[in-house]
Amino acid sequence: MPGFELIGEEERRQVQEVLDSGVLMRYGFDGSRNGQWKCRELEQQLAMRFGVRYAHVCSSGTAALSTALAACGIGAGDEVILPPFTFVADLETVLSAGAVPVFAEIDQTLCLDPLSVEKAVTPKTKAVLVVHMCGAMARVDALQAVCRAHHLTLIEDAAQAAGATFRGRALGTFGKVGCLSFDYVKTITCGEGGALLTDDEGAYRLAQAFTDHGHDHLGADRGADQHPHIGLNFRLSELHAAVGVAQLARLDQILEVQRRHKAILKDGLAGIRRLSFRVVPDPEGDSSTFLSLLLPTEDEARQAVKTLAEAGVDGCFYWYDNNWHYHRKWDHIKTLSSPARLALDRFGYGADLTKVALPQSDAVMSRTISMLIKLRWTEEQVRDKLARMKSALA
Ligand SMILES: Cc1ncc(COP(=O)(O)O)c(C=O)c1O
């Protein structure tokens with residue numbers, strides 16, 4: 001995803017302001033920082049842009065996920081339902097919280113199937129972690145309804161969907177807490193960074209303390225802060241936040257370009273009968289970072305990956321074989337291979353990840369190819385790409 005395609009003068013200016021102040025840390029040093037509070041500024045702008053009461057920035061999307069689990073009270077032995085098409089960070093953070101990942105199937109939205117989620121609920125389920133993959137949304141309204149019916153907490157991973165909306169409302173704002181990533185290959189980037197979004201004051205208080213060793217941040221003197229609970233250091237630096245401030249200002253422009261490029265490709269491919277597209281519950285809200293195509297069979301999808309590469313169409317991902325994003329190749333996760341023993345390994349909790357079988361998800365992912373949408377393409381390049389794709393896929 002393309003934030004890195006647009007690093008320019010405004011990012012430089014923002015970073016320079018931090019360097020000029022000499023204060024690179026978000027907390028304290030009030031007297032010497034020349035009024036520069038870039039983390040705070042980014043949080044205020046995120047809250048406004050995403051329409052939430054609270055935004056809290058942290059050091060990565062992974063840190064945001066760990067913090068969200070902690071802030072929602074998810075810990076040892078709690079079951080968290082999540083999709084098998086995601087990023088390993090979701091699994092890693094659930095496992096490192098001592099919680100138990102439970103997979104539900106995805107459907108042609110490439111995100112959690114609410115019916116399968118409902119079937120996966122047990123008395124130990126505490127939360128559903130929905131991941132809005134490849135720039136667009138899960139059936140988040142139906143997932144909210146499942147969570148409501150079973151008294152579960154909905155947490156959103158919108159790392160890949162910054163700026164996407166469902167019925168006009170930003171992804172990341174439907175759950176109790178939503179998580180964003182600003183790593184180098186996300187829609188907007190700080191180099192590394194992440195954020196939590198919430199309307200829940202309690203979750204916000206816990207989150208902002210958890211990312212800074214449990215500091216309550218109530219007074220002006222950091223040294224006199226109380227520590228009501230344990231935390232970690234997931235702080236974002238002022239330098240990273242400065243880049244984020246500049247990048248967030250570009251978000252609408254990025255979305256506009258992505259949507260324009262994707263529309264040309266999607267409209268142009270629509271006539272090819274053996275192709276279908278990922279189901280997007282609200283197409284207007286798609287952030288359009290990817291165009292995801294479905295072929296009728298796995299064999300045809302594998303063949304299409306080859307012919308697209310031969311035709312010089314780059315940036316096409318066949319997730320079914322990918323070892324970051326799809327469960328099939330996560331042997332290290334299934335066997336709980338870790339430098340230090342995990343709670344799930346020690347206590348078991350009745351879970352065995354080596355036995356996970358997800359035929360519905362396999363049937364979707366084995367047929368899916370996702371193509372990255374880039375910002376710096378000229379319209380001529382997009383049309384050239386379309387022509388190559390058409391001849392490769394026809
Ligand atoms: C869906 C998803 N969740 C979480 C993350 C983790 O974000 P970060 O790289 O900022 O830790 C990523 C990063 O690729 C992701 O794609």
# chains A, B, ... in the order shown; residues from 1 in each chain; ligands from 1
>>> residues_near_ligand(ligand="ligand 1", cutoff="8 Å", atoms="only C-alpha atoms and all ligand atoms", output="number ranges by chain")
A: 59-65, 86-90, 131-133, 157-160, 179-186, 192-194, 325
>>> write_last_selection(atoms="C-alpha atoms", output="compact mmCIF listing (two decimals), in the first residue's frame")
# COMPACT_ATOMS: atom_id res chain seq x y z
CA SER A 59 4.73 2.22 17.81
CA SER A 60 3.11 -0.20 15.31
CA GLY A 61 -0.10 -1.85 14.20
CA THR A 62 1.04 -4.93 16.10
CA ALA A 63 1.45 -2.83 19.25
CA ALA A 64 -2.04 -1.43 18.65
CA LEU A 65 -3.46 -4.97 18.50
CA THR A 86 -5.15 -11.90 7.99
CA PHE A 87 -1.57 -11.03 8.95
CA VAL A 88 0.47 -13.07 11.43
CA ALA A 89 0.40 -10.10 13.85
CA ASP A 90 -3.19 -10.90 14.79
CA VAL A 131 -9.65 -7.93 9.99
CA HIS A 132 -10.66 -5.72 7.07
CA MET A 133 -8.33 -7.17 4.47
CA ASP A 157 -7.98 -4.59 12.68
CA ALA A 158 -8.21 -1.89 10.02
CA ALA A 159 -4.44 -1.88 9.37
CA GLN A 160 -5.02 -2.50 5.68
CA CYS A 179 -6.47 -0.62 15.18
CA LEU A 180 -4.52 1.05 12.38
CA SER A 181 -0.98 0.50 11.11
CA PHE A 182 1.31 3.16 9.68
CA ASP A 183 4.16 0.86 8.74
CA TYR A 184 6.08 1.60 5.56
CA VAL A 185 3.70 -0.29 3.27
CA LYS A 186 0.36 0.98 4.53
CA GLU A 192 6.62 2.52 11.64
CA GLY A 193 3.58 3.35 13.72
CA GLY A 194 0.03 2.49 14.64
CA HIS A 325 -1.27 -13.81 5.39
>>> residues_around(residues="Gly315 (chain A)", least_positions_apart="6", cutoff="10 Å", atoms="only C-alpha atoms", output="ChimeraX atom specification")
/A:290,308-309,370-374
>>> write_last_selection(atoms="N, CA, C and O atoms", output="compact mmCIF listing (two decimals), in the first residue's frame")
# COMPACT_ATOMS: atom_id res chain seq x y z
N PHE A 290 -6.44 -2.51 -3.29
CA PHE A 290 -6.25 -3.74 -4.08
C PHE A 290 -7.45 -3.98 -4.98
O PHE A 290 -8.57 -3.61 -4.63
N LEU A 308 -0.29 -13.69 -15.93
CA LEU A 308 -0.17 -12.26 -15.58
C LEU A 308 1.30 -11.88 -15.45
O LEU A 308 1.74 -10.83 -15.95
N ALA A 309 2.08 -12.74 -14.79
CA ALA A 309 3.52 -12.45 -14.63
C ALA A 309 4.20 -12.42 -16.00
O ALA A 309 5.00 -11.52 -16.29
N SER A 370 -4.98 -10.97 -5.80
CA SER A 370 -5.18 -9.54 -5.49
C SER A 370 -4.07 -8.72 -6.14
O SER A 370 -2.89 -9.06 -6.01
N MET A 371 -4.48 -7.68 -6.81
CA MET A 371 -3.48 -6.82 -7.45
C MET A 371 -3.40 -5.47 -6.73
O MET A 371 -4.41 -4.83 -6.46
N LEU A 372 -2.16 -5.09 -6.45
CA LEU A 372 -1.90 -3.83 -5.77
C LEU A 372 -2.23 -2.64 -6.68
O LEU A 372 -1.89 -2.67 -7.86
N ILE A 373 -2.88 -1.63 -6.13
CA ILE A 373 -3.16 -0.41 -6.90
C ILE A 373 -2.12 0.64 -6.49
O ILE A 373 -2.01 0.96 -5.30
N LYS A 374 -1.41 1.19 -7.45
CA LYS A 374 -0.37 2.16 -7.11
C LYS A 374 -0.81 3.59 -7.42
O LYS A 374 -1.68 3.81 -8.26
>>> select_by_dssp(residues="region 265-354 of chain A", states="helix (DSSP H, G or I)", output="PyMOL selection string")
chain A and resi 265-269+283-285+298-310+319-321+327-329+331-334+343-347+353-354
>>> residues_around(residues="His240 (chain A)", least_positions_apart="2", cutoff="9 Å", atoms="only C-alpha atoms", output="PyMOL selection string")
chain A and resi 15+38-39+59+189-193+236-238+242-245
>>> atom_distance(atom1="CA of Cys58 (chain A)", atom2="CA of Arg235 (chain A)")
5.0 Å
>>> residues_around(residues="region 329-332 of chain A", least_positions_apart="6", cutoff="9 Å", atoms="only C-alpha atoms", output="PDB file with N, CA and C atoms, in the first residue's frame")
ATOM      1  N   VAL A  88       0.043 -12.303  10.259  1.00  0.00           N
ATOM      2  CA  VAL A  88       0.466 -13.071  11.433  1.00  0.00           C
ATOM      3  C   VAL A  88       0.377 -12.260  12.732  1.00  0.00           C
ATOM      4  N   TYR A 320      -3.037 -17.593  -1.221  1.00  0.00           N
ATOM      5  CA  TYR A 320      -3.217 -18.988  -0.790  1.00  0.00           C
ATOM      6  C   TYR A 320      -1.867 -19.635  -0.456  1.00  0.00           C
ATOM      7  N   ASP A 321      -0.811 -19.192  -1.142  1.00  0.00           N
ATOM      8  CA  ASP A 321       0.524 -19.756  -0.887  1.00  0.00           C
ATOM      9  C   ASP A 321       1.385 -18.858   0.010  1.00  0.00           C
ATOM     10  N   ASN A 322       0.808 -17.764   0.491  1.00  0.00           N
ATOM     11  CA  ASN A 322       1.605 -16.769   1.207  1.00  0.00           C
ATOM     12  C   ASN A 322       1.764 -17.152   2.680  1.00  0.00           C
ATOM     13  N   ASN A 323       2.967 -17.036   3.219  1.00  0.00           N
ATOM     14  CA  ASN A 323       3.148 -17.499   4.603  1.00  0.00           C
ATOM     15  C   ASN A 323       3.061 -16.388   5.657  1.00  0.00           C
ATOM     16  N   SER A 338       8.110 -20.961  19.454  1.00  0.00           N
ATOM     17  CA  SER A 338       8.364 -19.655  20.053  1.00  0.00           C
ATOM     18  C   SER A 338       9.663 -19.727  20.841  1.00  0.00           C
ATOM     19  N   THR A 354      -2.891 -27.330  15.040  1.00  0.00           N
ATOM     20  CA  THR A 354      -2.447 -28.179  13.908  1.00  0.00           C
ATOM     21  C   THR A 354      -3.646 -28.861  13.246  1.00  0.00           C
TER      22      THR A 354
END
>>> select_by_dssp(residues="region 26-274 of chain A", states="strand (DSSP E or B)", output="PyMOL selection string")
chain A and resi 54-58+79-82+85+100-103+106+112+125-131+153-157+165-166+169-170+177-181+183+191+194-198+212+233
